[in-house]
>>> print(open('protein32.cif').read())   # mmCIF, C-alpha atoms
data_model
loop_
_atom_site.label_atom_id
_atom_site.label_comp_id
_atom_site.auth_asym_id
_atom_site.auth_seq_id
_atom_site.Cartn_x
_atom_site.Cartn_y
_atom_site.Cartn_z
CA ALA A 1 0.00 0.00 0.00
CA GLN A 2 1.14 3.55 -0.69
CA LYS A 3 2.30 5.31 2.44
CA ILE A 4 1.31 8.73 1.15
CA THR A 5 -1.49 9.19 -1.36
CA GLN A 6 -2.30 12.41 -3.16
CA THR A 7 -5.24 11.71 -5.43
CA GLN A 8 -5.37 15.05 -7.23
CA PRO A 9 -2.70 15.27 -9.95
CA GLY A 10 -3.86 18.80 -10.83
CA MET A 11 -6.12 21.47 -9.39
CA PHE A 12 -7.36 24.87 -10.52
CA VAL A 13 -8.45 27.63 -8.17
CA GLN A 14 -9.62 31.17 -8.73
CA GLU A 15 -7.44 33.89 -7.26
CA LYS A 16 -8.56 34.89 -3.72
CA GLU A 17 -10.52 31.66 -3.27
CA ALA A 18 -9.61 28.89 -0.81
CA VAL A 19 -8.43 25.48 -1.99
CA THR A 20 -7.95 22.12 -0.28
CA LEU A 21 -5.26 19.68 -1.39
CA ASP A 22 -5.87 16.12 -0.28
CA CYS A 23 -3.42 13.78 1.40
CA THR A 24 -3.98 10.42 3.05
CA TYR A 25 -1.31 8.38 4.76
CA ASP A 26 -0.72 4.90 6.04
CA THR A 27 1.47 3.99 9.00
CA SER A 28 1.43 1.71 12.02
CA ASP A 29 3.74 3.97 14.02
CA GLN A 30 2.25 5.87 16.95
CA SER A 31 4.66 8.74 16.52
CA TYR A 32 4.93 10.34 13.11
CA GLY A 33 4.95 13.74 11.48
CA LEU A 34 3.25 15.13 8.41
CA PHE A 35 4.70 17.84 6.21
CA TRP A 36 3.64 19.88 3.24
CA TYR A 37 6.17 21.28 0.80
CA LYS A 38 5.74 23.64 -2.13
CA GLN A 39 7.86 23.21 -5.24
CA PRO A 40 7.74 26.11 -7.74
CA SER A 41 8.95 25.63 -11.30
CA SER A 42 12.48 26.56 -10.16
CA GLY A 43 12.63 23.20 -8.38
CA GLU A 44 13.43 24.22 -4.82
CA MET A 45 11.43 22.53 -2.05
CA ILE A 46 9.87 25.04 0.32
CA PHE A 47 8.64 23.83 3.70
CA LEU A 48 5.10 25.06 4.43
CA ILE A 49 3.65 23.39 7.49
CA TYR A 50 4.11 20.51 9.93
CA GLN A 51 1.71 18.41 12.05
CA GLY A 52 2.88 15.95 14.68
CA SER A 53 0.81 12.87 15.37
CA TYR A 54 0.38 13.90 19.00
CA ASP A 55 -0.59 17.48 18.23
CA GLU A 56 -4.21 17.97 19.17
CA GLN A 57 -4.71 21.22 17.32
CA ASN A 58 -4.51 21.62 13.58
CA ALA A 59 -1.34 23.38 12.48
CA THR A 60 -1.58 26.82 10.89
CA GLU A 61 1.06 29.00 9.24
CA GLY A 62 -0.27 32.22 7.78
CA ARG A 63 -2.55 31.33 4.87
CA TYR A 64 -1.78 27.62 5.23
CA SER A 65 -3.59 25.28 7.55
CA LEU A 66 -3.45 21.53 7.88
CA ASN A 67 -6.73 19.72 8.39
CA PHE A 68 -5.55 16.73 10.42
CA GLN A 69 -8.03 13.89 10.86
CA LYS A 70 -6.13 11.16 12.64
CA ALA A 71 -8.84 8.50 12.60
CA ARG A 72 -9.26 8.91 8.87
CA LYS A 73 -5.49 9.18 8.34
CA SER A 74 -5.80 12.34 6.35
CA ALA A 75 -3.74 15.53 6.40
CA ASN A 76 -5.23 17.93 3.89
CA LEU A 77 -3.61 21.28 3.16
CA VAL A 78 -5.92 24.29 3.02
CA ILE A 79 -4.68 27.44 1.32
CA SER A 80 -6.86 30.46 1.98
CA ALA A 81 -7.07 33.51 -0.28
CA SER A 82 -5.09 31.98 -3.14
CA GLN A 83 -2.50 34.14 -4.87
CA LEU A 84 -0.95 33.80 -8.32
CA GLY A 85 2.37 32.96 -6.62
CA ASP A 86 0.76 29.86 -5.11
CA SER A 87 0.88 28.14 -8.50
CA ALA A 88 3.28 25.25 -7.94
CA MET A 89 3.55 21.55 -7.15
CA TYR A 90 2.59 20.62 -3.61
CA PHE A 91 3.93 17.53 -1.88
CA CYS A 92 2.64 15.82 1.21
CA ALA A 93 5.25 13.86 3.19
CA MET A 94 5.38 11.71 6.30
CA ARG A 95 8.15 11.09 8.80
CA GLU A 96 7.74 7.82 10.68
CA GLY A 97 9.11 7.50 14.19
CA TYR A 98 10.36 10.20 16.51
CA PRO A 99 11.98 13.41 15.34
CA GLY A 100 15.71 13.95 15.60
CA GLY A 101 18.67 12.67 13.66
CA TYR A 102 17.94 10.52 10.63
CA GLN A 103 14.36 10.56 9.46
CA LYS A 104 12.65 8.13 7.15
CA VAL A 105 10.47 10.43 5.08
CA THR A 106 8.08 9.30 2.36
CA PHE A 107 6.74 11.74 -0.22
CA GLY A 108 3.52 11.66 -2.17
CA THR A 109 3.41 12.12 -5.95
CA GLY A 110 2.28 15.72 -5.66
CA THR A 111 -0.57 17.97 -6.77
CA LYS A 112 -0.04 20.67 -9.35
CA LEU A 113 -1.98 23.76 -8.34
CA GLN A 114 -2.73 26.49 -10.82
CA VAL A 115 -4.22 29.77 -9.65
CA ILE A 116 -6.35 31.54 -12.24
CA PRO A 117 -6.55 35.35 -12.25
CA ASP B 1 23.02 32.92 5.90
CA GLY B 2 22.76 29.25 6.74
CA GLY B 3 21.60 26.84 4.11
CA ILE B 4 22.35 24.08 1.64
CA THR B 5 24.13 24.67 -1.64
CA GLN B 6 24.19 22.32 -4.58
CA SER B 7 26.30 22.64 -7.65
CA PRO B 8 26.06 22.74 -10.53
CA LYS B 9 22.46 23.75 -11.19
CA TYR B 10 22.48 22.03 -14.60
CA LEU B 11 24.74 19.17 -15.60
CA PHE B 12 25.12 17.37 -18.88
CA ARG B 13 26.89 14.09 -19.20
CA LYS B 14 27.64 11.62 -21.94
CA GLU B 15 26.54 8.05 -21.53
CA GLY B 16 29.15 5.92 -19.81
CA GLN B 17 30.66 8.75 -17.78
CA ASN B 18 30.61 9.12 -14.01
CA VAL B 19 29.59 12.49 -12.64
CA THR B 20 29.67 13.95 -9.11
CA LEU B 21 27.03 16.27 -7.70
CA SER B 22 28.06 18.55 -4.88
CA CYS B 23 26.07 19.21 -1.68
CA GLU B 24 27.33 21.47 1.11
CA GLN B 25 25.51 22.66 4.24
CA ASN B 26 26.49 25.12 6.94
CA LEU B 27 23.55 24.37 9.23
CA ASN B 28 25.55 22.06 11.50
CA HIS B 29 23.14 19.23 10.74
CA ASP B 30 24.30 15.67 11.28
CA ALA B 31 21.90 13.90 8.92
CA MET B 32 22.03 14.43 5.16
CA TYR B 33 20.07 12.89 2.30
CA TRP B 34 20.03 12.55 -1.47
CA TYR B 35 16.74 12.29 -3.35
CA ARG B 36 15.91 11.75 -6.98
CA GLN B 37 12.82 13.30 -8.59
CA ASP B 38 11.43 12.26 -11.97
CA PRO B 39 8.72 14.21 -13.83
CA GLY B 40 5.31 13.76 -12.28
CA GLN B 41 6.69 11.85 -9.33
CA GLY B 42 7.58 12.46 -5.75
CA LEU B 43 11.01 12.23 -4.22
CA ARG B 44 12.75 8.90 -3.84
CA LEU B 45 15.59 8.37 -1.38
CA ILE B 46 18.96 7.38 -2.87
CA TYR B 47 21.34 7.51 0.12
CA TYR B 48 21.42 9.01 3.56
CA SER B 49 24.07 9.69 6.16
CA GLN B 50 23.54 10.11 9.88
CA ILE B 51 27.09 11.02 10.84
CA VAL B 52 30.50 11.55 9.31
CA ASN B 53 32.05 8.45 7.74
CA ASP B 54 28.75 6.59 7.81
CA PHE B 55 26.04 6.30 5.14
CA GLN B 56 23.25 3.93 4.22
CA LYS B 57 21.45 2.94 1.04
CA GLY B 58 17.99 4.29 0.47
CA ASP B 59 15.29 2.88 -1.79
CA ILE B 60 17.07 3.37 -5.13
CA ALA B 61 20.83 3.23 -4.43
CA GLU B 62 21.86 1.09 -7.41
CA GLY B 63 24.19 2.97 -9.74
CA TYR B 64 24.99 5.66 -7.17
CA SER B 65 27.73 6.16 -4.59
CA VAL B 66 28.33 8.71 -1.83
CA SER B 67 30.95 9.75 0.69
CA ARG B 68 30.76 11.67 3.96
CA GLU B 69 34.26 12.71 4.94
CA LYS B 70 33.15 16.01 6.44
CA LYS B 71 30.00 16.99 8.30
CA GLU B 72 29.31 19.79 5.85
CA SER B 73 29.67 17.81 2.64
CA PHE B 74 27.79 14.87 1.11
CA PRO B 75 28.68 14.45 -2.57
CA LEU B 76 26.77 12.05 -4.81
CA THR B 77 28.40 10.21 -7.71
CA VAL B 78 26.18 8.99 -10.50
CA THR B 79 28.04 6.10 -12.06
CA SER B 80 27.80 4.61 -15.52
CA ALA B 81 25.95 1.69 -13.92
CA GLN B 82 22.89 3.88 -13.37
CA LYS B 83 20.59 2.89 -16.23
CA ASN B 84 18.49 6.05 -16.43
CA PRO B 85 20.26 8.90 -14.64
CA THR B 86 18.44 11.84 -16.24
CA ALA B 87 16.53 13.39 -13.35
CA PHE B 88 16.39 16.21 -10.83
CA TYR B 89 18.53 15.57 -7.74
CA LEU B 90 17.85 17.16 -4.38
CA CYS B 91 20.06 17.17 -1.32
CA ALA B 92 18.56 17.68 2.14
CA SER B 93 19.56 17.76 5.79
CA THR B 94 17.85 17.58 9.16
CA PRO B 95 18.76 18.97 12.57
CA ASN B 96 19.82 16.57 15.25
CA ARG B 97 17.13 17.50 17.71
CA GLY B 98 14.03 19.60 17.57
CA LYS B 99 10.31 19.45 17.66
CA ASP B 100 9.55 19.76 13.99
CA ASN B 101 12.54 18.49 12.08
CA GLU B 102 11.47 19.42 8.62
CA GLN B 103 14.02 18.55 5.98
CA PHE B 104 15.96 21.52 4.64
CA PHE B 105 16.55 21.25 0.90
CA GLY B 106 19.12 22.57 -1.47
CA PRO B 107 18.12 24.16 -4.81
CA GLY B 108 18.72 20.93 -6.76
CA THR B 109 20.81 19.79 -9.72
CA ARG B 110 19.19 18.85 -13.01
CA LEU B 111 21.21 16.09 -14.67
CA THR B 112 20.75 15.27 -18.33
CA VAL B 113 22.48 12.36 -20.01
CA LEU B 114 23.09 12.94 -23.72
#
>>> encode(input="protein32.cif", output="structure tokens")
Amino acid sequence: AQKITQTQPGMFVQEKEAVTLDCTYDTSDQSYGLFWYKQPSSGEMIFLIYQGSYDEQNATEGRYSLNFQKARKSANLVISASQLGDSAMYFCAMREGYPGGYQKVTFGTGTKLQVIP
Amino acid sequence: DGGITQSPKYLFRKEGQNVTLSCEQNLNHDAMYWYRQDPGQGLRLIYYSQIVNDFQKGDIAEGYSVSREKKESFPLTVTSAQKNPTAFYLCASTPNRGKDNEQFFGPGTRLTVL
């Protein structure tokens, strides 16, 4: 089974609207972390947001929030008030085990978001 | 400014040649990683290193080799044994301790085999 599943290869959103990018994960570890990265056409990976498995509140970072539903094993990224600069690939990733030192991180296949003016 | 540098940004190689991709970090991180990214796909782990003079194979290590002689440096060699080396290569590192531990990435090297 895939450890990280992103079912939306591509998404369109109107500028200033909100958009949700889906991510489901599969792990038997009790401690794990979920990340979202943005990859513009330049190729760099930009860290957006992190959610630990023991965090009770959903993570938020500016216009980004992570809708964490542990029982459903989903970690969707919500981008509010989309901007043209949000057009990029978005990757969901999971770290299994405790943080610190080496991390086994699995990445999803990504969602290409295009913001329409 | 602390960060990860990768060089070169673009690299062209003839079939049958070995080529080395550079990765340097000044973040004082112990763990470093090499990933490969193909179009339309996520990142796949090639090699990782937890400390100096130690490294381990990732999911797709065949045809690649690494060294870790210094904490700051983790070069990747793509050998002629790698069947399909054209790809985008990303180097990353993680702090030793911390609550979040996101991976810090370099800008990447795009390798094309002619």
>>> resolve_selection(input="protein32.cif", expression="the PyMOL selection byres ((chain A) within 10 of (chain B))", output="ChimeraX atom specification")
/A:9,33-37,42-52,89-93,95,98-112
>>> closest_residue(input="protein32.cif", among="A:Ala81, A:Asp55, A:Gln2, A:Ser28", to="Gln69 in chain A", atoms="all atoms listed in the file")
A:Asp55
>>> residues_around(input="protein32.cif", residues="range 71-84 of chain B", least_positions_apart="6", cutoff="7 Å", atoms="all atoms listed in the file", output="PyMOL selection string")
chain B and resi 16-26+30+52+62-65
>>> residues_around(input="protein32.cif", residues="Asp86 in chain A", least_positions_apart="3", cutoff="7 Å", atoms="all atoms listed in the file", output="ChimeraX atom specification")
/A:82-83,115
>>> write_last_selection(input="protein32.cif", atoms="C-alpha atoms", output="PDB file, keeping the file's coordinate frame")
ATOM      1  CA  SER A  82      -5.090  31.980  -3.140  1.00  0.00           C
ATOM      2  CA  GLN A  83      -2.500  34.140  -4.870  1.00  0.00           C
ATOM      3  CA  VAL A 115      -4.220  29.770  -9.650  1.00  0.00           C
TER       4      VAL A 115
END
>>> residues_around(input="protein32.cif", residues="Ser74 in chain A", least_positions_apart="5", cutoff="10 Å", atoms="all atoms listed in the file", output="PyMOL selection string")
chain A and resi 4-5+22-26+34+66-69
>>> atom_distance(input="protein32.cif", atom1="CA of Gln6 in chain B", atom2="CA of Tyr35 in chain B")
12.6 Å
>>> closest_residue(input="protein32.cif", among="A:Ser87, A:Thr60, A:Ser53, A:Gln14", to="Gln30 in chain A", atoms="all atoms listed in the file")
A:Ser53
>>> atom_distance(input="protein32.cif", atom1="CA of Val113 in chain B", atom2="CA of Gly3 in chain B")
28.1 Å
>>> atom_distance(input="protein32.cif", atom1="CA of Ala18 in chain A", atom2="CA of Gln57 in chain A")
20.3 Å
>>> residues_around(input="protein32.cif", residues="Ser80 in chain A", least_positions_apart="5", cutoff="10 Å", atoms="all atoms listed in the file", output="ChimeraX atom specification")
/A:15-20,62-65
>>> closest_residue(input="protein32.cif", among="A:Gln114, A:Ser31, A:Ala88, A:Asn76", to="Thr7 in chain A", atoms="only C-alpha atoms")
A:Asn76
>>> closest_residue(input="protein32.cif", among="A:Phe12, A:Gly85, A:Asn58, A:Met94", to="Ser41 in chain A", atoms="all atoms listed in the file")
A:Gly85
>>> closest_residue(input="protein32.cif", among="A:Leu21, A:Val78, A:Tyr32, A:Lys3", to="Ala59 in chain A", atoms="only C-alpha atoms")
A:Val78
>>> resolve_selection(input="protein32.cif", expression="the PyMOL selection byres ((chain B and resi 10) around 7)", output="short mmCIF file (atom, residue, chain, number, x, y, z; two decimals) with C-alpha atoms, in the frame of the given file")
data_model
loop_
_atom_site.label_atom_id
_atom_site.label_comp_id
_atom_site.auth_asym_id
_atom_site.auth_seq_id
_atom_site.Cartn_x
_atom_site.Cartn_y
_atom_site.Cartn_z
CA PRO B 8 26.06 22.74 -10.53
CA LYS B 9 22.46 23.75 -11.19
CA LEU B 11 24.74 19.17 -15.60
CA PHE B 12 25.12 17.37 -18.88
CA THR B 109 20.81 19.79 -9.72
CA ARG B 110 19.19 18.85 -13.01
CA LEU B 111 21.21 16.09 -14.67
#
>>> build_atoms(input="protein32.cif", residues="range 54-82 of chain A", atoms="N, CA and C atoms", output="short mmCIF file (atom, residue, chain, number, x, y, z; two decimals), in the coordinates of the input")
data_model
loop_
_atom_site.label_atom_id
_atom_site.label_comp_id
_atom_site.auth_asym_id
_atom_site.auth_seq_id
_atom_site.Cartn_x
_atom_site.Cartn_y
_atom_site.Cartn_z
N TYR A 54 0.92 13.67 17.68
CA TYR A 54 0.38 13.90 19.00
C TYR A 54 -0.18 15.30 19.18
N ASP A 55 -0.05 16.12 18.14
CA ASP A 55 -0.59 17.48 18.23
C ASP A 55 -2.10 17.44 18.16
N GLU A 56 -2.74 18.04 19.13
CA GLU A 56 -4.21 17.97 19.17
C GLU A 56 -4.85 19.03 18.30
N GLN A 57 -4.15 20.14 18.14
CA GLN A 57 -4.71 21.22 17.32
C GLN A 57 -4.16 21.15 15.91
N ASN A 58 -4.98 21.55 14.95
CA ASN A 58 -4.51 21.62 13.58
C ASN A 58 -3.46 22.71 13.44
N ALA A 59 -2.41 22.40 12.67
CA ALA A 59 -1.34 23.38 12.48
C ALA A 59 -1.80 24.48 11.52
N THR A 60 -1.31 25.70 11.80
CA THR A 60 -1.58 26.82 10.89
C THR A 60 -0.30 27.63 10.75
N GLU A 61 -0.09 28.13 9.53
CA GLU A 61 1.06 29.00 9.24
C GLU A 61 0.59 30.02 8.21
N GLY A 62 0.20 31.19 8.70
CA GLY A 62 -0.27 32.22 7.78
C GLY A 62 -1.50 31.76 7.02
N ARG A 63 -1.41 31.74 5.69
CA ARG A 63 -2.55 31.33 4.87
C ARG A 63 -2.68 29.81 4.74
N TYR A 64 -1.75 29.07 5.32
CA TYR A 64 -1.78 27.62 5.23
C TYR A 64 -2.31 27.02 6.52
N SER A 65 -3.16 26.05 6.40
CA SER A 65 -3.59 25.28 7.55
C SER A 65 -3.65 23.81 7.15
N LEU A 66 -3.45 22.96 8.13
CA LEU A 66 -3.45 21.53 7.88
C LEU A 66 -4.65 20.94 8.59
N ASN A 67 -5.54 20.35 7.85
CA ASN A 67 -6.73 19.72 8.39
C ASN A 67 -6.39 18.26 8.71
N PHE A 68 -6.05 18.03 9.97
CA PHE A 68 -5.55 16.73 10.42
C PHE A 68 -6.69 15.92 11.01
N GLN A 69 -7.01 14.80 10.36
CA GLN A 69 -8.03 13.89 10.86
C GLN A 69 -7.37 12.53 11.07
N LYS A 70 -6.98 12.32 12.32
CA LYS A 70 -6.13 11.16 12.64
C LYS A 70 -6.84 9.84 12.38
N ALA A 71 -8.10 9.77 12.76
CA ALA A 71 -8.84 8.50 12.60
C ALA A 71 -9.00 8.14 11.13
N ARG A 72 -9.10 9.14 10.30
CA ARG A 72 -9.26 8.91 8.87
C ARG A 72 -7.91 8.88 8.16
N LYS A 73 -6.84 9.15 8.90
CA LYS A 73 -5.49 9.18 8.34
C LYS A 73 -5.42 10.14 7.15
N SER A 74 -5.91 11.34 7.40
CA SER A 74 -5.80 12.34 6.35
C SER A 74 -5.17 13.61 6.90
N ALA A 75 -4.49 14.32 6.02
CA ALA A 75 -3.74 15.53 6.40
C ALA A 75 -3.83 16.51 5.24
N ASN A 76 -5.00 17.05 5.04
CA ASN A 76 -5.23 17.93 3.89
C ASN A 76 -4.68 19.33 4.13
N LEU A 77 -4.14 19.91 3.10
CA LEU A 77 -3.61 21.28 3.16
C LEU A 77 -4.69 22.24 2.65
N VAL A 78 -4.97 23.26 3.43
CA VAL A 78 -5.92 24.29 3.02
C VAL A 78 -5.15 25.59 2.80
N ILE A 79 -5.28 26.15 1.62
CA ILE A 79 -4.68 27.44 1.32
C ILE A 79 -5.82 28.44 1.20
N SER A 80 -5.79 29.45 2.04
CA SER A 80 -6.86 30.46 1.98
C SER A 80 -6.41 31.61 1.09
N ALA A 81 -7.35 32.30 0.52
CA ALA A 81 -7.07 33.51 -0.28
C ALA A 81 -5.93 33.28 -1.26
N SER A 82 -6.14 32.36 -2.20
CA SER A 82 -5.09 31.98 -3.14
C SER A 82 -4.51 33.18 -3.89
#
